[in-house]
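**Student:** Sharing a structure below in structure tokens format, with a few things to ask.
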2 protein chains.
Amino acid sequence: MRQGAGTRPRGAGRAQLHDTALRLFARDGVEGTSLQTIADEMGVTKAAVYYHYRSKDDLVLSVLAPMFEELDAVVRKTEAHRSRPARLEEFLTGMVTLIVDNHSRFAMLVRDPYVSRLMESHLDLVAWFHRIVTSVGAGTDLPGRAALLIFLSGMTAPLSDPEMVALEPAEQRELLLDCGRRLLQIRRR
Amino acid sequence: MRQGAGTRPRGAGRAQLHDTALRLFARDGVEGTSLQTIADEMGVTKAAVYYHYRSKDDLVLSVLAPMFEELDAVVRKTEAHRSRPARLEEFLTGMVTLIVDNHSRFAMLVRDPYVSRLMESHLDLVAWFHRIVTSVGAGTDLPGRAALLIFLSGMTAPLSDPEMVALEPAEQRELLLDCGRRLLQIRRR
DNA sequence: GTCTATAGAAGGATAGAC
DNA sequence: GTCTATCCTTCTATAGAC
């Protein structure tokens with residue numbers, strides 16, 4: 001735990017750095033964003049960035065961290081349900097909320113080749129995906145699996161559209177939910 | 001036309017280079033793949049690569065070129081139909097075939113941040129997308145637009161799945177077509 | 001068509017002053 | 001917590017021999 005509750009506040013500058021890095025990573029990709037560029041954007045030097053983060057990978061992982069916490073919460077809440085339809089519904093709504101709240105982070109995860117490689121060595125996403133498939137039931141057969149993959153990798157795209165970003169989060173959720181239900185063939189509650 | 005029908009065959013080495021570059025670009029991203037790495041993989045030197053391509057961007061664009069030709073063909077065939085349902089059906093089947101035949105190239109286009117930036121300066125994809133939306137009719141309203149964006153950016157994901165790559169192209173097309181029809185709400189012929 | 005050699009810039013990362 | 005200065009590596013790209 002680096003920024004735990006009891007630690008002395010390392011806070012303000014670090015949070016700003018966080019946001020700047022996220023924005024640039026999402027726009028230009030991790031390998032298209034140098035620490036120099038991030039530092040310039042913030043009006044500080046590279047060395048100042050290295051005070052807060054040991055390495056570029058450390059920065060990337062810190063930027064993504066909030067999403068992984070939420071991802072873990074979604075999976076746990078999903079597995080708490082007994083029936084498969086209930087699990088699928090919980091998973092769908094949970095993921096849509098996660099993506100709306102973390103669309104830059106999730107876009108990095110599914111789009112950025114550097115992040116994909118980083119995950120292979122730091123987090124076993126394949127195991128996580130398998131856990132979803134078996135517990136949720138979606139993706140057990142090949143057509144369901146295809147639909148689930150399209151859902152997971154495609155849902156961030158609408159949130160980059162100018163007309164979509166102007167909407168309220170609640171409206172964004174509704175649009176994504178409709179698409180997700182059609183794709184995964186879930187009848188409306 | 002660089003490798004037109006009548007030109008003296010620059011072919012063999014160039015085609016190999018093409019395939020190697022495509023494979024590495026798709027796996028590690030354009031910025032995660034140096035010309036040195038490509039040369040090493042082929043057992044030649046960097047300078048040999050520069051004999052065939054003026055710059056890295058030139059190589060990237062050459063690798064993507066076949067897809068853009070096919071993309072243009074899909075749009076033209078789509079616009080040739082008179083009714084909107086027929087256009088939508090033509091667009092869907094055309095895009096699915098394109099993605100199955102060019103899944104690495106299309107994945108580069110929708111996933112790689114470097115390619116996205118390169119396109120902004122070399123091809124107006126936004127204009128192309130607008131042409132699709134207006135002529136096909138899908139995406140005219142916001143929900144339709146969201147579905148179309150999910151479709152376009154998500155369809156490559158299943159083709160990276162181990163179970164999916166083992167299938168025949170015809171089977172891959174069927175799976176993607178089913179998902180596309182559900183997402184875009186097209187009744188089966 | 002491929003090589004060696006190298007220029008020139010930019011990247012990640014560290015040391016040590018303030 | 002931020003700076004200057006520096007190190008080492010890697011990158012794109014070019015020149016010129018074979």
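Each chain in the structure tokens gets a letter, A, B, ..., in the order shown, and its residues are numbered from 1; ligands are numbered from 1 in order too.
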Please, which residues of range 1-161 of chain A, numbered as in this document, come out alpha helix (DSSP H) from DSSP, as a CSV table (one decimal) with N, CA and C atoms, in the first residue's frame?
**Tutor:**
chain,number,residue,atom,x,y,z
A,11,GLY,N,0.0,13.8,-1.5
A,11,GLY,CA,-1.2,13.9,-2.3
A,11,GLY,C,-1.2,14.8,-3.5
A,12,ALA,N,-1.3,16.1,-3.3
A,12,ALA,CA,-1.7,17.1,-4.3
A,12,ALA,C,-1.0,16.9,-5.6
A,13,GLY,N,0.3,17.1,-5.6
A,13,GLY,CA,1.1,17.0,-6.8
A,13,GLY,C,1.0,15.6,-7.5
A,14,ARG,N,0.9,14.6,-6.7
A,14,ARG,CA,0.8,13.3,-7.2
A,14,ARG,C,-0.5,13.1,-8.0
A,15,ALA,N,-1.6,13.6,-7.4
A,15,ALA,CA,-2.9,13.4,-8.1
A,15,ALA,C,-2.9,14.1,-9.4
A,16,GLN,N,-2.3,15.3,-9.4
A,16,GLN,CA,-2.3,16.1,-10.7
A,16,GLN,C,-1.5,15.3,-11.8
A,17,LEU,N,-0.3,14.7,-11.3
A,17,LEU,CA,0.5,14.0,-12.2
A,17,LEU,C,-0.3,12.8,-12.8
A,18,HIS,N,-1.0,12.1,-11.9
A,18,HIS,CA,-1.9,11.0,-12.2
A,18,HIS,C,-2.8,11.4,-13.4
A,19,ASP,N,-3.5,12.5,-13.2
A,19,ASP,CA,-4.5,12.9,-14.2
A,19,ASP,C,-3.9,13.3,-15.5
A,20,THR,N,-2.8,14.0,-15.4
A,20,THR,CA,-2.1,14.4,-16.7
A,20,THR,C,-1.6,13.1,-17.4
A,21,ALA,N,-0.9,12.2,-16.7
A,21,ALA,CA,-0.4,11.0,-17.3
A,21,ALA,C,-1.6,10.2,-18.0
A,22,LEU,N,-2.7,10.1,-17.2
A,22,LEU,CA,-3.8,9.3,-17.8
A,22,LEU,C,-4.3,9.9,-19.1
A,23,ARG,N,-4.4,11.2,-19.1
A,23,ARG,CA,-4.9,11.9,-20.3
A,23,ARG,C,-4.0,11.7,-21.5
A,24,LEU,N,-2.7,11.8,-21.2
A,24,LEU,CA,-1.8,11.7,-22.3
A,24,LEU,C,-1.6,10.2,-22.8
A,25,PHE,N,-1.6,9.3,-21.8
A,25,PHE,CA,-1.5,7.9,-22.2
A,25,PHE,C,-2.7,7.5,-23.0
A,26,ALA,N,-3.9,7.9,-22.6
A,26,ALA,CA,-5.1,7.6,-23.3
A,26,ALA,C,-5.1,8.2,-24.7
A,27,ARG,N,-4.6,9.4,-24.9
A,27,ARG,CA,-4.6,10.0,-26.2
A,27,ARG,C,-3.5,9.5,-27.2
A,28,ASP,N,-2.3,9.4,-26.7
A,28,ASP,CA,-1.2,9.1,-27.6
A,28,ASP,C,-0.6,7.7,-27.3
A,35,LEU,N,8.1,10.5,-20.5
A,35,LEU,CA,8.0,11.2,-19.2
A,35,LEU,C,8.4,12.7,-19.4
A,36,GLN,N,9.2,13.0,-20.4
A,36,GLN,CA,9.5,14.4,-20.7
A,36,GLN,C,8.3,15.2,-21.0
A,37,THR,N,7.4,14.5,-21.9
A,37,THR,CA,6.2,15.2,-22.3
A,37,THR,C,5.3,15.4,-21.1
A,38,ILE,N,5.1,14.4,-20.3
A,38,ILE,CA,4.3,14.6,-19.1
A,38,ILE,C,4.8,15.7,-18.2
A,39,ALA,N,6.1,15.7,-18.0
A,39,ALA,CA,6.7,16.7,-17.2
A,39,ALA,C,6.5,18.1,-17.8
A,40,ASP,N,6.7,18.3,-19.1
A,40,ASP,CA,6.5,19.5,-19.7
A,40,ASP,C,5.0,20.0,-19.5
A,41,GLU,N,4.1,19.1,-19.8
A,41,GLU,CA,2.7,19.4,-19.6
A,41,GLU,C,2.4,20.0,-18.2
A,42,MET,N,3.1,19.5,-17.2
A,42,MET,CA,2.8,19.9,-15.9
A,42,MET,C,3.7,21.1,-15.5
A,46,LYS,N,11.6,16.1,-15.6
A,46,LYS,CA,11.5,14.7,-15.6
A,46,LYS,C,11.8,14.2,-14.2
A,47,ALA,N,12.8,14.8,-13.6
A,47,ALA,CA,13.3,14.3,-12.3
A,47,ALA,C,12.2,14.4,-11.2
A,48,ALA,N,11.4,15.4,-11.4
A,48,ALA,CA,10.3,15.6,-10.4
A,48,ALA,C,9.3,14.4,-10.5
A,49,VAL,N,9.1,14.0,-11.7
A,49,VAL,CA,8.2,12.8,-11.9
A,49,VAL,C,8.8,11.6,-11.2
A,50,TYR,N,10.1,11.5,-11.3
A,50,TYR,CA,10.8,10.3,-10.8
A,50,TYR,C,10.8,10.3,-9.2
A,51,TYR,N,10.5,11.5,-8.7
A,51,TYR,CA,10.4,11.5,-7.2
A,51,TYR,C,9.1,10.8,-6.8
A,52,HIS,N,8.1,10.9,-7.6
A,52,HIS,CA,6.8,10.2,-7.2
A,52,HIS,C,6.7,8.8,-7.7
A,56,LYS,N,8.6,4.2,-15.2
A,56,LYS,CA,7.5,4.5,-16.1
A,56,LYS,C,6.4,3.4,-15.9
A,57,ASP,N,6.8,2.2,-15.8
A,57,ASP,CA,5.9,1.1,-15.5
A,57,ASP,C,5.1,1.3,-14.2
A,58,ASP,N,5.8,1.8,-13.2
A,58,ASP,CA,5.2,2.1,-11.9
A,58,ASP,C,4.1,3.2,-12.1
A,59,LEU,N,4.4,4.2,-12.9
A,59,LEU,CA,3.4,5.2,-13.2
A,59,LEU,C,2.2,4.6,-13.9
A,60,VAL,N,2.4,3.8,-14.9
A,60,VAL,CA,1.3,3.2,-15.7
A,60,VAL,C,0.4,2.4,-14.8
A,61,LEU,N,1.1,1.6,-14.0
A,61,LEU,CA,0.3,0.7,-13.1
A,61,LEU,C,-0.5,1.5,-12.1
A,62,SER,N,0.1,2.6,-11.6
A,62,SER,CA,-0.6,3.4,-10.6
A,62,SER,C,-1.8,4.1,-11.3
A,63,VAL,N,-1.7,4.5,-12.5
A,63,VAL,CA,-2.8,5.1,-13.2
A,63,VAL,C,-3.9,4.2,-13.4
A,64,LEU,N,-3.6,2.9,-13.7
A,64,LEU,CA,-4.6,1.9,-13.9
A,64,LEU,C,-5.3,1.4,-12.7
A,65,ALA,N,-4.5,1.5,-11.6
A,65,ALA,CA,-4.9,0.8,-10.3
A,65,ALA,C,-6.4,1.0,-9.9
A,66,PRO,N,-7.0,2.2,-9.9
A,66,PRO,CA,-8.4,2.3,-9.5
A,66,PRO,C,-9.3,1.5,-10.3
A,67,MET,N,-9.0,1.3,-11.6
A,67,MET,CA,-9.9,0.4,-12.4
A,67,MET,C,-9.8,-1.0,-12.0
A,68,PHE,N,-8.6,-1.5,-11.6
A,68,PHE,CA,-8.5,-2.9,-11.2
A,68,PHE,C,-9.2,-3.2,-9.9
A,69,GLU,N,-9.2,-2.2,-9.0
A,69,GLU,CA,-10.0,-2.4,-7.8
A,69,GLU,C,-11.5,-2.5,-8.1
A,70,GLU,N,-12.0,-1.6,-9.0
A,70,GLU,CA,-13.4,-1.7,-9.3
A,70,GLU,C,-13.7,-3.0,-10.1
A,71,LEU,N,-12.8,-3.4,-10.9
A,71,LEU,CA,-12.9,-4.6,-11.7
A,71,LEU,C,-13.1,-5.8,-10.7
A,72,ASP,N,-12.3,-5.8,-9.7
A,72,ASP,CA,-12.3,-6.9,-8.7
A,72,ASP,C,-13.7,-6.9,-8.0
A,73,ALA,N,-14.1,-5.7,-7.7
A,73,ALA,CA,-15.4,-5.6,-7.0
A,73,ALA,C,-16.6,-6.1,-7.8
A,74,VAL,N,-16.5,-5.8,-9.1
A,74,VAL,CA,-17.6,-6.3,-10.0
A,74,VAL,C,-17.6,-7.8,-10.1
A,75,VAL,N,-16.4,-8.4,-10.2
A,75,VAL,CA,-16.4,-9.9,-10.2
A,75,VAL,C,-16.9,-10.5,-8.9
A,76,ARG,N,-16.5,-9.9,-7.8
A,76,ARG,CA,-17.0,-10.4,-6.5
A,76,ARG,C,-18.5,-10.3,-6.3
A,77,LYS,N,-19.0,-9.1,-6.7
A,77,LYS,CA,-20.5,-8.9,-6.6
A,77,LYS,C,-21.2,-9.9,-7.6
A,78,THR,N,-20.6,-10.1,-8.7
A,78,THR,CA,-21.2,-11.0,-9.7
A,78,THR,C,-21.3,-12.4,-9.1
A,79,GLU,N,-20.2,-12.9,-8.5
A,79,GLU,CA,-20.2,-14.2,-8.0
A,79,GLU,C,-21.1,-14.5,-6.8
A,84,ARG,N,-27.6,-18.0,-12.7
A,84,ARG,CA,-26.8,-17.5,-13.8
A,84,ARG,C,-27.4,-16.2,-14.5
A,85,PRO,N,-28.7,-16.1,-14.7
A,85,PRO,CA,-29.2,-14.9,-15.3
A,85,PRO,C,-28.9,-13.7,-14.4
A,86,ALA,N,-29.0,-13.9,-13.1
A,86,ALA,CA,-28.7,-12.8,-12.1
A,86,ALA,C,-27.3,-12.4,-12.2
A,87,ARG,N,-26.4,-13.4,-12.3
A,87,ARG,CA,-25.0,-13.1,-12.4
A,87,ARG,C,-24.7,-12.3,-13.7
A,88,LEU,N,-25.3,-12.8,-14.8
A,88,LEU,CA,-25.0,-12.1,-16.1
A,88,LEU,C,-25.5,-10.6,-16.0
A,89,GLU,N,-26.7,-10.4,-15.4
A,89,GLU,CA,-27.2,-9.1,-15.3
A,89,GLU,C,-26.3,-8.2,-14.4
A,90,GLU,N,-25.8,-8.8,-13.3
A,90,GLU,CA,-24.9,-8.0,-12.4
A,90,GLU,C,-23.6,-7.7,-13.1
A,91,PHE,N,-23.1,-8.7,-13.8
A,91,PHE,CA,-21.9,-8.5,-14.5
A,91,PHE,C,-22.0,-7.3,-15.6
A,92,LEU,N,-23.1,-7.4,-16.4
A,92,LEU,CA,-23.3,-6.4,-17.4
A,92,LEU,C,-23.4,-5.0,-16.8
A,93,THR,N,-24.3,-4.9,-15.8
A,93,THR,CA,-24.5,-3.5,-15.3
A,93,THR,C,-23.2,-3.0,-14.6
A,94,GLY,N,-22.5,-4.0,-13.9
A,94,GLY,CA,-21.3,-3.6,-13.2
A,94,GLY,C,-20.2,-3.1,-14.2
A,95,MET,N,-20.1,-3.9,-15.3
A,95,MET,CA,-19.1,-3.5,-16.3
A,95,MET,C,-19.4,-2.2,-17.0
A,96,VAL,N,-20.6,-2.0,-17.3
A,96,VAL,CA,-21.0,-0.7,-17.9
A,96,VAL,C,-20.7,0.4,-17.0
A,97,THR,N,-21.0,0.3,-15.8
A,97,THR,CA,-20.7,1.4,-14.8
A,97,THR,C,-19.2,1.6,-14.7
A,98,LEU,N,-18.5,0.5,-14.7
A,98,LEU,CA,-17.0,0.6,-14.6
A,98,LEU,C,-16.5,1.3,-15.8
A,99,ILE,N,-17.0,1.0,-17.0
A,99,ILE,CA,-16.4,1.6,-18.2
A,99,ILE,C,-16.8,3.1,-18.3
A,100,VAL,N,-18.0,3.4,-17.9
A,100,VAL,CA,-18.4,4.8,-18.0
A,100,VAL,C,-17.6,5.6,-17.0
A,101,ASP,N,-17.3,5.1,-15.8
A,101,ASP,CA,-16.5,5.8,-14.8
A,101,ASP,C,-15.0,5.8,-15.1
A,103,HIS,N,-13.5,5.3,-18.4
A,103,HIS,CA,-13.4,4.9,-19.8
A,103,HIS,C,-11.9,5.1,-20.4
A,104,SER,N,-11.2,6.1,-19.9
A,104,SER,CA,-9.8,6.3,-20.3
A,104,SER,C,-9.0,5.1,-19.9
A,105,ARG,N,-9.1,4.7,-18.6
A,105,ARG,CA,-8.3,3.6,-18.1
A,105,ARG,C,-8.7,2.3,-18.9
A,106,PHE,N,-10.0,2.0,-19.1
A,106,PHE,CA,-10.4,0.8,-19.7
A,106,PHE,C,-9.9,0.8,-21.2
A,107,ALA,N,-10.0,1.9,-21.8
A,107,ALA,CA,-9.5,2.0,-23.2
A,107,ALA,C,-8.0,1.7,-23.3
A,108,MET,N,-7.3,2.2,-22.3
A,108,MET,CA,-5.8,1.9,-22.2
A,108,MET,C,-5.7,0.3,-22.1
A,109,LEU,N,-6.5,-0.3,-21.3
A,109,LEU,CA,-6.3,-1.7,-21.0
A,109,LEU,C,-6.6,-2.5,-22.3
A,110,VAL,N,-7.7,-2.2,-23.0
A,110,VAL,CA,-8.0,-3.0,-24.2
A,110,VAL,C,-7.4,-2.6,-25.5
A,111,ARG,N,-6.9,-1.3,-25.5
A,111,ARG,CA,-6.3,-0.8,-26.8
A,111,ARG,C,-4.8,-0.8,-26.8
A,113,PRO,N,-1.1,-1.5,-26.8
A,113,PRO,CA,-0.3,-2.8,-26.8
A,113,PRO,C,0.8,-2.8,-25.7
A,114,TYR,N,1.3,-1.7,-25.3
A,114,TYR,CA,2.2,-1.7,-24.2
A,114,TYR,C,1.6,-2.2,-22.9
A,115,VAL,N,0.4,-1.7,-22.6
A,115,VAL,CA,-0.4,-2.1,-21.4
A,115,VAL,C,-0.7,-3.6,-21.5
A,116,SER,N,-1.0,-4.1,-22.7
A,116,SER,CA,-1.3,-5.5,-22.8
A,116,SER,C,-0.1,-6.4,-22.4
A,117,ARG,N,1.1,-6.0,-22.9
A,117,ARG,CA,2.3,-6.7,-22.5
A,117,ARG,C,2.6,-6.5,-21.0
A,118,LEU,N,2.4,-5.3,-20.5
A,118,LEU,CA,2.6,-5.1,-19.1
A,118,LEU,C,1.7,-6.0,-18.2
A,119,MET,N,0.5,-6.2,-18.6
A,119,MET,CA,-0.4,-7.0,-17.8
A,119,MET,C,0.0,-8.4,-17.8
A,120,GLU,N,0.6,-8.9,-18.9
A,120,GLU,CA,1.0,-10.3,-18.9
A,120,GLU,C,2.0,-10.6,-17.8
A,121,SER,N,2.8,-9.6,-17.5
A,121,SER,CA,3.9,-9.8,-16.5
A,121,SER,C,3.5,-9.4,-15.1
A,122,HIS,N,2.3,-8.7,-15.0
A,122,HIS,CA,2.0,-8.1,-13.7
A,122,HIS,C,0.6,-8.6,-13.2
A,125,LEU,N,-4.6,-11.5,-16.7
A,125,LEU,CA,-5.9,-11.2,-17.2
A,125,LEU,C,-6.6,-12.4,-17.8
A,126,VAL,N,-5.8,-13.3,-18.3
A,126,VAL,CA,-6.4,-14.5,-19.0
A,126,VAL,C,-7.2,-15.3,-17.9
A,127,ALA,N,-6.6,-15.4,-16.7
A,127,ALA,CA,-7.2,-16.1,-15.6
A,127,ALA,C,-8.5,-15.4,-15.2
A,128,TRP,N,-8.4,-14.1,-15.1
A,128,TRP,CA,-9.6,-13.3,-14.8
A,128,TRP,C,-10.7,-13.5,-15.8
A,129,PHE,N,-10.3,-13.5,-17.0
A,129,PHE,CA,-11.3,-13.7,-18.1
A,129,PHE,C,-12.0,-15.1,-18.0
A,130,HIS,N,-11.2,-16.1,-17.7
A,130,HIS,CA,-11.7,-17.4,-17.5
A,130,HIS,C,-12.6,-17.5,-16.3
A,131,ARG,N,-12.3,-16.8,-15.3
A,131,ARG,CA,-13.1,-16.8,-14.1
A,131,ARG,C,-14.5,-16.2,-14.4
A,132,ILE,N,-14.5,-15.1,-15.2
A,132,ILE,CA,-15.8,-14.5,-15.7
A,132,ILE,C,-16.6,-15.5,-16.5
A,133,VAL,N,-15.9,-16.1,-17.5
A,133,VAL,CA,-16.6,-17.0,-18.4
A,133,VAL,C,-17.3,-18.1,-17.6
A,134,THR,N,-16.6,-18.8,-16.7
A,134,THR,CA,-17.1,-19.9,-16.0
A,134,THR,C,-18.2,-19.5,-15.0
A,135,SER,N,-18.0,-18.4,-14.3
A,135,SER,CA,-18.9,-18.1,-13.2
A,135,SER,C,-20.2,-17.4,-13.8
A,136,VAL,N,-20.0,-16.5,-14.8
A,136,VAL,CA,-21.1,-15.8,-15.4
A,136,VAL,C,-21.9,-16.7,-16.4
A,142,LEU,N,-19.0,-21.0,-28.0
A,142,LEU,CA,-18.2,-20.1,-28.9
A,142,LEU,C,-19.0,-18.9,-29.3
A,143,PRO,N,-20.3,-18.9,-29.7
A,143,PRO,CA,-21.0,-17.7,-30.0
A,143,PRO,C,-21.0,-16.7,-28.8
A,144,GLY,N,-21.3,-17.3,-27.7
A,144,GLY,CA,-21.4,-16.4,-26.5
A,144,GLY,C,-20.0,-15.8,-26.1
A,145,ARG,N,-19.0,-16.6,-26.4
A,145,ARG,CA,-17.6,-16.1,-26.1
A,145,ARG,C,-17.3,-14.9,-27.1
A,146,ALA,N,-17.7,-15.1,-28.3
A,146,ALA,CA,-17.4,-14.1,-29.3
A,146,ALA,C,-18.1,-12.8,-28.9
A,147,ALA,N,-19.4,-12.9,-28.5
A,147,ALA,CA,-20.2,-11.8,-28.1
A,147,ALA,C,-19.6,-11.1,-26.9
A,148,LEU,N,-19.1,-11.9,-25.9
A,148,LEU,CA,-18.5,-11.3,-24.7
A,148,LEU,C,-17.2,-10.5,-25.1
A,149,LEU,N,-16.4,-11.1,-26.0
A,149,LEU,CA,-15.2,-10.4,-26.4
A,149,LEU,C,-15.4,-9.1,-27.1
A,150,ILE,N,-16.4,-9.1,-28.0
A,150,ILE,CA,-16.8,-7.9,-28.7
A,150,ILE,C,-17.3,-6.8,-27.7
A,151,PHE,N,-18.1,-7.3,-26.7
A,151,PHE,CA,-18.6,-6.4,-25.7
A,151,PHE,C,-17.5,-5.8,-24.9
A,152,LEU,N,-16.6,-6.6,-24.4
A,152,LEU,CA,-15.5,-6.1,-23.5
A,152,LEU,C,-14.6,-5.1,-24.3
A,153,SER,N,-14.3,-5.5,-25.5
A,153,SER,CA,-13.3,-4.6,-26.2
A,153,SER,C,-13.9,-3.5,-27.0
A,154,GLY,N,-15.2,-3.5,-27.2
A,154,GLY,CA,-15.8,-2.5,-28.0
A,154,GLY,C,-16.5,-1.4,-27.2
**Student:** Could you name the residues that touch range 2-8 of chain C at 9 Å or less, counting only C-alpha atoms (C1' of nucleotides), but leaving out those on the same chain fewer than 5 positions away, as a PyMOL selection string?
**Tutor:** (chain B and resi 44-45+47-48+51) or (chain D and resi 13-15+17-18)
**Student:** Hey, list the chain D side of the contact with chain A: 10 Å cut-off, only C-alpha atoms (C1' of nucleotides), answer as a ChimeraX atom specification.
**Tutor:** /D:1-4
**Student:** Mind dumping the selected residues with N, CA and C atoms (P, O5', C5', C4', C3', O3' and C1' of nucleotides) as a PDB file, in the first residue's frame?
**Tutor:**
ATOM      1  P    DG D   1       5.962  15.790  -0.778  1.00  0.00           P
ATOM      2  O5'  DG D   1       6.879  16.671  -1.787  1.00  0.00           O
ATOM      3  C5'  DG D   1       6.521  18.028  -1.911  1.00  0.00           C
ATOM      4  C4'  DG D   1       7.485  18.659  -2.863  1.00  0.00           C
ATOM      5  C3'  DG D   1       7.461  18.064  -4.277  1.00  0.00           C
ATOM      6  O3'  DG D   1       7.148  19.120  -5.140  1.00  0.00           O
ATOM      7  C1'  DG D   1       9.677  18.335  -3.525  1.00  0.00           C
ATOM      8  P    DT D   2       6.767  18.916  -6.610  1.00  0.00           P
ATOM      9  O5'  DT D   2       7.998  19.499  -7.430  1.00  0.00           O
ATOM     10  C5'  DT D   2       8.433  20.821  -7.138  1.00  0.00           C
ATOM     11  C4'  DT D   2       9.893  20.985  -7.500  1.00  0.00           C
ATOM     12  C3'  DT D   2      10.265  20.538  -8.916  1.00  0.00           C
ATOM     13  O3'  DT D   2      10.322  21.664  -9.793  1.00  0.00           O
ATOM     14  C1'  DT D   2      11.977  20.117  -7.300  1.00  0.00           C
ATOM     15  P    DC D   3      10.949  21.479 -11.267  1.00  0.00           P
ATOM     16  O5'  DC D   3      12.532  21.663 -11.094  1.00  0.00           O
ATOM     17  C5'  DC D   3      13.051  22.965 -10.841  1.00  0.00           C
ATOM     18  C4'  DC D   3      14.546  22.893 -10.602  1.00  0.00           C
ATOM     19  C3'  DC D   3      15.357  22.442 -11.813  1.00  0.00           C
ATOM     20  O3'  DC D   3      15.804  23.570 -12.549  1.00  0.00           O
ATOM     21  C1'  DC D   3      16.077  21.331  -9.804  1.00  0.00           C
ATOM     22  P    DT D   4      16.410  23.323 -14.018  1.00  0.00           P
ATOM     23  O5'  DT D   4      17.942  22.912 -13.772  1.00  0.00           O
ATOM     24  C5'  DT D   4      18.787  23.670 -12.911  1.00  0.00           C
ATOM     25  C4'  DT D   4      20.156  23.010 -12.850  1.00  0.00           C
ATOM     26  C3'  DT D   4      20.766  22.694 -14.220  1.00  0.00           C
ATOM     27  O3'  DT D   4      22.166  22.951 -14.175  1.00  0.00           O
ATOM     28  C1'  DT D   4      20.542  20.690 -12.979  1.00  0.00           C
TER      29       DT D   4
END
**Student:** Can you check which residues of chain C have any atom within 9 Å of chain A? Use only C-alpha atoms (C1' of nucleotides) and format it as a PyMOL selection string.
**Tutor:** chain C and resi 11-13
**Student:** Print the selection's residues with N, CA and C atoms (P, O5', C5', C4', C3', O3' and C1' of nucleotides) to a file, as an mmCIF file, in the first residue's frame.
**Tutor:**
data_model
loop_
_atom_site.group_PDB
_atom_site.id
_atom_site.type_symbol
_atom_site.label_atom_id
_atom_site.label_comp_id
_atom_site.auth_asym_id
_atom_site.auth_seq_id
_atom_site.Cartn_x
_atom_site.Cartn_y
_atom_site.Cartn_z
ATOM 1 P P DG C 11 11.272 11.793 -26.257
ATOM 2 O "O5'" DG C 11 11.613 10.481 -25.451
ATOM 3 C "C5'" DG C 11 11.344 9.207 -26.051
ATOM 4 C "C4'" DG C 11 12.057 8.144 -25.257
ATOM 5 C "C3'" DG C 11 11.888 8.303 -23.754
ATOM 6 O "O3'" DG C 11 10.873 7.434 -23.273
ATOM 7 C "C1'" DG C 11 14.188 7.901 -24.352
ATOM 8 P P DG C 12 10.403 7.613 -21.734
ATOM 9 O "O5'" DG C 12 11.521 6.799 -20.930
ATOM 10 C "C5'" DG C 12 11.633 5.396 -21.138
ATOM 11 C "C4'" DG C 12 12.707 4.824 -20.240
ATOM 12 C "C3'" DG C 12 12.435 4.971 -18.747
ATOM 13 O "O3'" DG C 12 12.771 3.763 -18.069
ATOM 14 C "C1'" DG C 12 14.495 6.016 -19.293
ATOM 15 P P DA C 13 12.416 3.688 -16.510
ATOM 16 O "O5'" DA C 13 13.740 4.270 -15.833
ATOM 17 C "C5'" DA C 13 14.972 3.555 -16.012
ATOM 18 C "C4'" DA C 13 16.094 4.368 -15.402
ATOM 19 C "C3'" DA C 13 15.884 4.777 -13.939
ATOM 20 O "O3'" DA C 13 16.765 4.031 -13.112
ATOM 21 C "C1'" DA C 13 16.857 6.512 -15.259
#
**Student:** Under the rule that only C-alpha atoms are counted, which of B:Pro158, B:Gly139, B:Pro169, B:Gly180 is the nearest residue to chain A?
**Tutor:**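 For chain A, the nearest of the given residues is B:Pro158.
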**Student:** Closest to chain A among B:Asp124, B:Ala170, B:Gly137, B:Arg181, using only C-alpha atoms?
**Tutor:**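 Among B:Asp124, B:Ala170, B:Gly137, B:Arg181, it is B:Arg181 that comes nearest to chain A.
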**Student:** Just how far from CA of Met164 in chain B is CA of Ser83 in chain A, in Å to one decimal?
**Tutor:**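 If I compute the distance from CA of Ser83 in chain A to CA of Met164 in chain B, I get 28.0 Å.
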**Student:** In Å to one decimal, how far is CA of Asp112 in chain A from CA of Thr156 in chain A?
**Tutor:**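 If I compute the distance from CA of Thr156 in chain A to CA of Asp112 in chain A, I get 12.6 Å.
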**Student:** Can you measure CA of Asp161 in chain B to CA of Leu175 in chain A for me? One decimal in Å is fine.
**Tutor:**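 Between CA of Asp161 in chain B and CA of Leu175 in chain A the gap works out to 26.7 Å.
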**Student:** Of the candidates A:Cys179, A:Asn102, A:Leu123, A:His81, which one gets nearest to chain B if we count only C-alpha atoms?
**Tutor:** A:Cys179
**Student:** Go through A:Ala80, A:Val30, A:Leu183, A:Leu167 and flag the residue nearest chain B, using only C-alpha atoms for the distances.
**Tutor:**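 The answer is A:Leu183, which sits nearest to chain B.
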**Student:** With only C-alpha atoms as the atoms that count, which of B:Ala138, B:Ser160, B:Met155, B:Gln172 lies nearest to chain A?
**Tutor:** B:Met155
